[in-house]
>>> print(open('data07.cif').read())   # mmCIF, C-alpha atoms
data_run
#
loop_
_atom_site.label_atom_id
_atom_site.label_comp_id
_atom_site.auth_asym_id
_atom_site.auth_seq_id
_atom_site.Cartn_x
_atom_site.Cartn_y
_atom_site.Cartn_z
CA MET A 1 -134.78 105.93 -77.19
CA ILE A 2 -134.59 102.76 -75.08
CA VAL A 3 -132.70 99.57 -76.00
CA HIS A 4 -132.47 96.39 -73.92
CA GLY A 5 -129.36 94.24 -74.13
CA TYR A 6 -126.46 92.60 -72.34
CA LYS A 7 -123.15 93.69 -70.89
CA SER A 8 -120.28 91.64 -69.49
CA PHE A 9 -118.50 92.67 -66.32
CA ASN A 10 -115.64 91.40 -64.20
CA SER A 11 -116.79 89.21 -61.31
CA ASP A 12 -116.84 92.23 -58.96
CA ILE A 13 -119.25 94.07 -61.32
CA THR A 14 -116.60 96.40 -62.68
CA ASN A 15 -116.08 97.05 -66.36
CA GLN A 16 -112.80 96.62 -68.21
CA TYR A 17 -111.78 100.12 -67.07
CA GLY A 18 -112.38 99.44 -63.36
CA MET A 19 -115.64 101.40 -63.02
CA GLU A 20 -117.93 99.77 -60.46
CA PHE A 21 -121.61 99.17 -61.26
CA ILE A 22 -124.52 98.31 -58.97
CA VAL A 23 -127.68 96.45 -59.98
CA ASP A 24 -130.78 98.70 -60.25
CA ASN A 25 -128.64 101.83 -60.68
CA THR A 26 -128.46 104.05 -63.75
CA TYR A 27 -125.18 105.56 -64.95
CA SER A 28 -124.75 108.54 -67.26
CA VAL A 29 -122.15 110.30 -69.37
CA ILE A 30 -122.10 113.87 -70.58
CA PRO A 31 -123.03 113.92 -74.31
CA PRO A 32 -122.16 113.72 -77.09
CA VAL A 33 -122.14 109.94 -77.25
CA ARG A 34 -119.46 108.44 -79.52
CA ALA A 35 -118.96 104.80 -80.42
CA LYS A 36 -115.41 104.84 -81.76
CA ASN A 37 -112.26 106.97 -81.76
CA GLY A 38 -112.14 107.82 -78.08
CA GLY A 39 -115.76 106.73 -77.54
CA ASN A 40 -117.99 108.29 -74.93
CA GLY A 41 -120.83 106.29 -73.42
CA PHE A 42 -121.73 102.86 -72.14
CA HIS A 43 -121.25 100.01 -74.57
CA PHE A 44 -123.54 96.99 -74.60
CA ASP A 45 -124.72 94.32 -77.01
CA LYS A 46 -128.08 93.22 -78.35
CA ARG A 47 -127.03 89.54 -78.30
CA LEU A 48 -125.71 87.83 -75.19
CA GLU A 49 -122.93 85.92 -76.98
CA ASP A 50 -121.43 89.15 -78.30
CA THR A 51 -120.58 90.29 -74.77
CA LEU A 52 -117.94 87.55 -74.69
CA ARG A 53 -115.66 89.59 -76.94
CA TYR A 54 -114.88 91.78 -73.89
CA VAL A 55 -114.00 88.99 -71.43
CA ASN A 56 -112.15 85.67 -71.56
CA GLY A 57 -115.08 83.29 -71.12
CA MET A 58 -112.84 80.23 -71.14
CA ASN A 59 -110.58 81.25 -68.26
CA GLN A 60 -111.99 84.31 -66.51
CA ASP A 61 -114.55 84.69 -63.76
CA PHE A 62 -117.06 87.21 -65.11
CA LEU A 63 -120.72 88.21 -65.14
CA ILE A 64 -123.25 88.89 -67.87
CA ASP A 65 -125.97 91.37 -66.96
CA LEU A 66 -129.24 92.46 -68.47
CA VAL A 67 -129.00 96.20 -69.13
CA THR A 68 -131.09 98.99 -70.59
CA GLY A 69 -129.60 101.82 -72.58
CA SER A 70 -131.47 105.11 -72.84
CA GLY A 71 -131.10 108.74 -73.88
CA GLU A 72 -128.84 109.26 -76.85
CA ILE A 73 -127.96 105.84 -78.28
CA ILE A 74 -125.74 105.02 -81.22
CA GLU A 75 -125.98 101.66 -82.97
CA PHE A 76 -122.77 100.53 -84.63
CA GLU A 77 -121.12 97.43 -85.99
CA ASP A 78 -117.70 95.91 -86.28
CA ASP A 79 -118.09 94.36 -89.70
CA TYR A 80 -114.43 93.31 -89.81
CA TYR A 81 -114.92 90.95 -86.85
CA GLY A 82 -118.58 90.15 -87.58
CA TYR A 83 -120.21 91.97 -84.67
CA TYR A 84 -123.51 93.74 -85.30
CA ASP A 85 -126.18 95.40 -83.18
CA LEU A 86 -123.64 96.97 -80.84
CA TYR A 87 -124.72 100.03 -78.90
CA VAL A 88 -123.28 102.90 -76.94
CA ALA A 89 -125.68 104.82 -74.71
CA GLU A 90 -125.81 108.04 -72.76
CA HIS A 91 -127.51 106.27 -69.83
CA LEU A 92 -127.13 102.64 -68.78
CA THR A 93 -129.26 100.86 -66.20
CA VAL A 94 -127.94 97.56 -64.84
CA ASN A 95 -131.10 95.50 -64.40
CA LYS A 96 -130.00 92.04 -63.36
CA VAL A 97 -126.99 89.75 -63.05
CA LEU A 98 -127.76 86.58 -64.97
CA ARG A 99 -127.13 83.26 -63.28
CA LYS A 100 -125.17 80.71 -65.31
CA GLU A 101 -128.34 78.64 -65.75
CA GLU A 102 -130.09 81.66 -67.29
CA ILE A 103 -127.18 82.29 -69.64
CA ILE A 104 -127.22 78.67 -70.83
CA ALA A 105 -131.03 78.66 -71.19
CA LYS A 106 -131.05 81.87 -73.25
CA THR A 107 -128.36 80.48 -75.52
CA LEU A 108 -130.13 77.14 -75.96
CA PHE A 109 -133.10 79.06 -77.39
CA SER A 110 -130.99 81.00 -79.89
CA LYS A 111 -130.19 80.11 -83.49
CA ASP A 112 -127.33 77.67 -84.02
CA VAL A 113 -125.12 80.38 -85.53
CA TYR A 114 -125.41 82.46 -82.34
CA ALA A 115 -124.99 79.41 -80.13
CA SER A 116 -121.81 78.61 -82.07
CA ARG A 117 -120.42 82.04 -81.28
CA PHE A 118 -121.28 81.42 -77.63
CA VAL A 119 -119.57 78.02 -77.29
CA MET A 120 -116.46 79.39 -79.01
CA ARG A 121 -115.92 81.72 -76.03
CA TYR A 122 -117.72 80.26 -72.99
CA LYS A 123 -116.41 77.31 -70.97
CA LEU A 124 -119.12 74.68 -70.58
CA ILE A 125 -119.27 71.76 -68.18
CA GLN A 126 -120.11 68.25 -69.45
CA SER A 127 -123.83 68.42 -68.60
CA GLU A 128 -124.11 71.72 -70.53
CA ILE A 129 -122.25 70.25 -73.51
CA LYS A 130 -124.77 67.41 -73.51
CA MET A 131 -127.69 69.87 -73.53
CA PHE A 132 -126.21 71.73 -76.50
CA LYS A 133 -125.60 68.48 -78.40
CA GLU A 134 -129.21 67.43 -77.83
CA LYS A 135 -130.60 70.80 -78.87
CA PHE A 136 -128.52 71.30 -82.02
CA PHE A 137 -127.97 67.68 -83.07
CA THR A 138 -129.16 68.42 -86.64
CA SER A 139 -126.57 71.17 -87.19
CA ARG A 140 -123.30 69.59 -88.27
CA ASP A 141 -121.56 72.99 -88.21
CA PHE A 142 -122.62 73.58 -84.62
CA ILE A 143 -121.62 70.08 -83.45
CA ASN A 144 -118.21 70.52 -85.08
CA CYS A 145 -117.80 73.94 -83.44
CA LEU A 146 -118.79 72.50 -80.06
CA ALA A 147 -116.32 69.60 -80.39
CA TYR A 148 -113.49 71.92 -81.41
CA TYR A 149 -113.91 74.63 -78.78
CA GLN A 150 -115.10 72.58 -75.83
#
>>> encode(input="data07.cif", output="structure tokens")
Amino acid sequence: MIVHGYKSFNSDITNQYGMEFIVDNTYSVIPPVRAKNGGNGFHFDKRLEDTLRYVNGMNQDFLIDLVTGSGEIIEFEDDYYGYYDLYVAEHLTVNKVLRKEEIIAKTLFSKDVYASRFVMRYKLIQSEIKMFKEKFFTSRDFINCLAYYQ
């Protein structure tokens, strides 16, 4: 199985446990893959904005990368916190570090509900706030979310 998604890293391309990753490399764990209770594998998300649950996007210098999970993959959700399409994989390939402009562009083309989740956790500059206001001007809920969090 192969699944494409996103993963957040610290600015030095380490994960929250200090493991260093390199673009274009593939990393593996010894199966079985487990998502919870002492999980085993590489976690990543289907939606870019969901990676922000693992970093402080308002105050922390971090990266969001395009990744590919392969081998044994478990899909799971955190229904309590409203996170779905989460994955843990036996193999993880780090494909590309996204530039901030790419992150903003991808989010601008998402649904307003996903963009809302993004602006709740990602510090925007004034020109980016303006782009989001122009894109989602018909969504009162989004505009209110943007005003509150930014």
>>> resolve_selection(input="data07.cif", expression="the PyMOL selection byres ((chain A and resi 68-85) around 7)", output="PyMOL selection string")
chain A and resi 1-5+33+35+45-46+67+86-94
>>> write_last_selection(input="data07.cif", atoms="C-alpha atoms", output="PDB file, in the frame of the given file")
ATOM      1  CA  MET A   1    -134.780 105.930 -77.190  1.00  0.00           C
ATOM      2  CA  ILE A   2    -134.590 102.760 -75.080  1.00  0.00           C
ATOM      3  CA  VAL A   3    -132.700  99.570 -76.000  1.00  0.00           C
ATOM      4  CA  HIS A   4    -132.470  96.390 -73.920  1.00  0.00           C
ATOM      5  CA  GLY A   5    -129.360  94.240 -74.130  1.00  0.00           C
ATOM      6  CA  VAL A  33    -122.140 109.940 -77.250  1.00  0.00           C
ATOM      7  CA  ALA A  35    -118.960 104.800 -80.420  1.00  0.00           C
ATOM      8  CA  ASP A  45    -124.720  94.320 -77.010  1.00  0.00           C
ATOM      9  CA  LYS A  46    -128.080  93.220 -78.350  1.00  0.00           C
ATOM     10  CA  VAL A  67    -129.000  96.200 -69.130  1.00  0.00           C
ATOM     11  CA  LEU A  86    -123.640  96.970 -80.840  1.00  0.00           C
ATOM     12  CA  TYR A  87    -124.720 100.030 -78.900  1.00  0.00           C
ATOM     13  CA  VAL A  88    -123.280 102.900 -76.940  1.00  0.00           C
ATOM     14  CA  ALA A  89    -125.680 104.820 -74.710  1.00  0.00           C
ATOM     15  CA  GLU A  90    -125.810 108.040 -72.760  1.00  0.00           C
ATOM     16  CA  HIS A  91    -127.510 106.270 -69.830  1.00  0.00           C
ATOM     17  CA  LEU A  92    -127.130 102.640 -68.780  1.00  0.00           C
ATOM     18  CA  THR A  93    -129.260 100.860 -66.200  1.00  0.00           C
ATOM     19  CA  VAL A  94    -127.940  97.560 -64.840  1.00  0.00           C
TER      20      VAL A  94
END
>>> axis_aligned_box(input="data07.cif", around="range 125-142 of chain A", padding_each_side="4 Å", output="lines of an AutoDock Vina configuration file")
center_x = -124.9
center_y = 70.5
center_z = -78.2
size_x = 19.3
size_y = 14.2
size_z = 28.1
>>> resolve_selection(input="data07.cif", expression="the PyMOL selection byres ((chain A and resi 98) around 6)", output="ChimeraX atom specification")
/A:64-65,97,99,102
>>> resolve_selection(input="data07.cif", expression="the PyMOL selection byres ((chain A and resi 16-23) around 9)", output="VMD selection string")
chain A and resid 9 to 10 12 to 15 24 to 27 54 to 55 65 93 to 97
>>> closest_residue(input="data07.cif", among="A:Gln150, A:Ser8, A:Thr138, A:Gln126", to="Phe62 in chain A", atoms="only C-alpha atoms")
A:Ser8
>>> atom_distance(input="data07.cif", atom1="CA of Ala115 in chain A", atom2="CA of Gly39 in chain A")
29.0 Å
>>> atom_distance(input="data07.cif", atom1="CA of Ile143 in chain A", atom2="CA of Thr51 in chain A")
22.0 Å
>>> atom_distance(input="data07.cif", atom1="CA of Leu146 in chain A", atom2="CA of Leu48 in chain A")
17.5 Å
>>> closest_residue(input="data07.cif", among="A:Pro31, A:Arg140, A:Met131, A:Lys7", to="His43 in chain A", atoms="all atoms listed in the file")
A:Lys7
>>> residues_around(input="data07.cif", residues="range 109-113 of chain A", least_positions_apart="4", cutoff="7 Å", atoms="all atoms listed in the file", output="ChimeraX atom specification")
/A:105,117,136,142
>>> write_last_selection(input="data07.cif", atoms="C-alpha atoms", output="CSV table (one decimal), in the coordinates of the input")
chain,number,residue,atom,x,y,z
A,105,ALA,CA,-131.0,78.7,-71.2
A,117,ARG,CA,-120.4,82.0,-81.3
A,136,PHE,CA,-128.5,71.3,-82.0
A,142,PHE,CA,-122.6,73.6,-84.6
>>> closest_residue(input="data07.cif", among="A:Lys36, A:Ser139, A:Gly41, A:Asn59", to="Tyr122 in chain A", atoms="all atoms listed in the file")
A:Asn59
>>> closest_residue(input="data07.cif", among="A:Ile30, A:Lys130, A:Asp141, A:Glu49", to="Thr107 in chain A", atoms="all atoms listed in the file")
A:Glu49
>>> closest_residue(input="data07.cif", among="A:Ser127, A:Asn37, A:Ser11, A:Ser116", to="Leu63 in chain A", atoms="only C-alpha atoms")
A:Ser11
>>> residues_near_point(input="data07.cif", point="(-115.2, 82.0, -71.5)", cutoff="7 Å", atoms="all atoms listed in the file", output="number ranges by chain")
A: 52, 56-60, 121-123
>>> build_atoms(input="data07.cif", residues="range 117-138 of chain A", atoms="N, CA and C atoms", output="PDB file, in the coordinates of the input")
ATOM      1  N   ARG A 117    -121.260  80.940 -81.762  1.00  0.00           N
ATOM      2  CA  ARG A 117    -120.420  82.040 -81.280  1.00  0.00           C
ATOM      3  C   ARG A 117    -120.261  81.983 -79.764  1.00  0.00           C
ATOM      4  N   PHE A 118    -121.312  81.542 -79.092  1.00  0.00           N
ATOM      5  CA  PHE A 118    -121.280  81.420 -77.630  1.00  0.00           C
ATOM      6  C   PHE A 118    -120.295  80.332 -77.204  1.00  0.00           C
ATOM      7  N   VAL A 119    -120.417  79.127 -77.755  1.00  0.00           N
ATOM      8  CA  VAL A 119    -119.570  78.020 -77.290  1.00  0.00           C
ATOM      9  C   VAL A 119    -118.112  78.196 -77.702  1.00  0.00           C
ATOM     10  N   MET A 120    -117.849  79.092 -78.642  1.00  0.00           N
ATOM     11  CA  MET A 120    -116.460  79.390 -79.010  1.00  0.00           C
ATOM     12  C   MET A 120    -115.751  80.166 -77.903  1.00  0.00           C
ATOM     13  N   ARG A 121    -116.522  80.809 -77.016  1.00  0.00           N
ATOM     14  CA  ARG A 121    -115.920  81.720 -76.030  1.00  0.00           C
ATOM     15  C   ARG A 121    -116.384  81.501 -74.600  1.00  0.00           C
ATOM     16  N   TYR A 122    -117.162  80.462 -74.331  1.00  0.00           N
ATOM     17  CA  TYR A 122    -117.720  80.260 -72.990  1.00  0.00           C
ATOM     18  C   TYR A 122    -117.443  78.826 -72.572  1.00  0.00           C
ATOM     19  N   LYS A 123    -116.771  78.649 -71.450  1.00  0.00           N
ATOM     20  CA  LYS A 123    -116.410  77.310 -70.970  1.00  0.00           C
ATOM     21  C   LYS A 123    -117.640  76.604 -70.412  1.00  0.00           C
ATOM     22  N   LEU A 124    -117.972  75.486 -71.008  1.00  0.00           N
ATOM     23  CA  LEU A 124    -119.120  74.680 -70.580  1.00  0.00           C
ATOM     24  C   LEU A 124    -118.660  73.477 -69.774  1.00  0.00           C
ATOM     25  N   ILE A 125    -119.525  73.017 -68.887  1.00  0.00           N
ATOM     26  CA  ILE A 125    -119.270  71.760 -68.180  1.00  0.00           C
ATOM     27  C   ILE A 125    -119.946  70.637 -68.986  1.00  0.00           C
ATOM     28  N   GLN A 126    -119.640  69.387 -68.658  1.00  0.00           N
ATOM     29  CA  GLN A 126    -120.110  68.250 -69.450  1.00  0.00           C
ATOM     30  C   GLN A 126    -121.639  68.197 -69.582  1.00  0.00           C
ATOM     31  N   SER A 127    -122.360  68.480 -68.518  1.00  0.00           N
ATOM     32  CA  SER A 127    -123.830  68.420 -68.600  1.00  0.00           C
ATOM     33  C   SER A 127    -124.371  69.497 -69.550  1.00  0.00           C
ATOM     34  N   GLU A 128    -123.703  70.649 -69.609  1.00  0.00           N
ATOM     35  CA  GLU A 128    -124.110  71.720 -70.530  1.00  0.00           C
ATOM     36  C   GLU A 128    -123.780  71.340 -71.975  1.00  0.00           C
ATOM     37  N   ILE A 129    -122.622  70.728 -72.172  1.00  0.00           N
ATOM     38  CA  ILE A 129    -122.250  70.250 -73.510  1.00  0.00           C
ATOM     39  C   ILE A 129    -123.302  69.273 -74.010  1.00  0.00           C
ATOM     40  N   LYS A 130    -123.738  68.388 -73.144  1.00  0.00           N
ATOM     41  CA  LYS A 130    -124.770  67.410 -73.510  1.00  0.00           C
ATOM     42  C   LYS A 130    -126.062  68.116 -73.926  1.00  0.00           C
ATOM     43  N   MET A 131    -126.474  69.139 -73.179  1.00  0.00           N
ATOM     44  CA  MET A 131    -127.690  69.870 -73.530  1.00  0.00           C
ATOM     45  C   MET A 131    -127.566  70.512 -74.911  1.00  0.00           C
ATOM     46  N   PHE A 132    -126.417  71.096 -75.202  1.00  0.00           N
ATOM     47  CA  PHE A 132    -126.210  71.730 -76.500  1.00  0.00           C
ATOM     48  C   PHE A 132    -126.211  70.694 -77.625  1.00  0.00           C
ATOM     49  N   LYS A 133    -125.597  69.544 -77.392  1.00  0.00           N
ATOM     50  CA  LYS A 133    -125.600  68.480 -78.400  1.00  0.00           C
ATOM     51  C   LYS A 133    -127.019  68.011 -78.694  1.00  0.00           C
ATOM     52  N   GLU A 134    -127.822  67.871 -77.645  1.00  0.00           N
ATOM     53  CA  GLU A 134    -129.210  67.430 -77.830  1.00  0.00           C
ATOM     54  C   GLU A 134    -130.043  68.472 -78.558  1.00  0.00           C
ATOM     55  N   LYS A 135    -129.821  69.727 -78.257  1.00  0.00           N
ATOM     56  CA  LYS A 135    -130.600  70.800 -78.870  1.00  0.00           C
ATOM     57  C   LYS A 135    -130.244  70.998 -80.341  1.00  0.00           C
ATOM     58  N   PHE A 136    -128.973  70.959 -80.672  1.00  0.00           N
ATOM     59  CA  PHE A 136    -128.520  71.300 -82.020  1.00  0.00           C
ATOM     60  C   PHE A 136    -127.977  70.083 -82.777  1.00  0.00           C
ATOM     61  N   PHE A 137    -128.496  68.899 -82.478  1.00  0.00           N
ATOM     62  CA  PHE A 137    -127.970  67.680 -83.070  1.00  0.00           C
ATOM     63  C   PHE A 137    -128.091  67.651 -84.595  1.00  0.00           C
ATOM     64  N   THR A 138    -128.996  68.422 -85.183  1.00  0.00           N
ATOM     65  CA  THR A 138    -129.160  68.420 -86.640  1.00  0.00           C
ATOM     66  C   THR A 138    -128.204  69.384 -87.343  1.00  0.00           C
TER      67      THR A 138
END
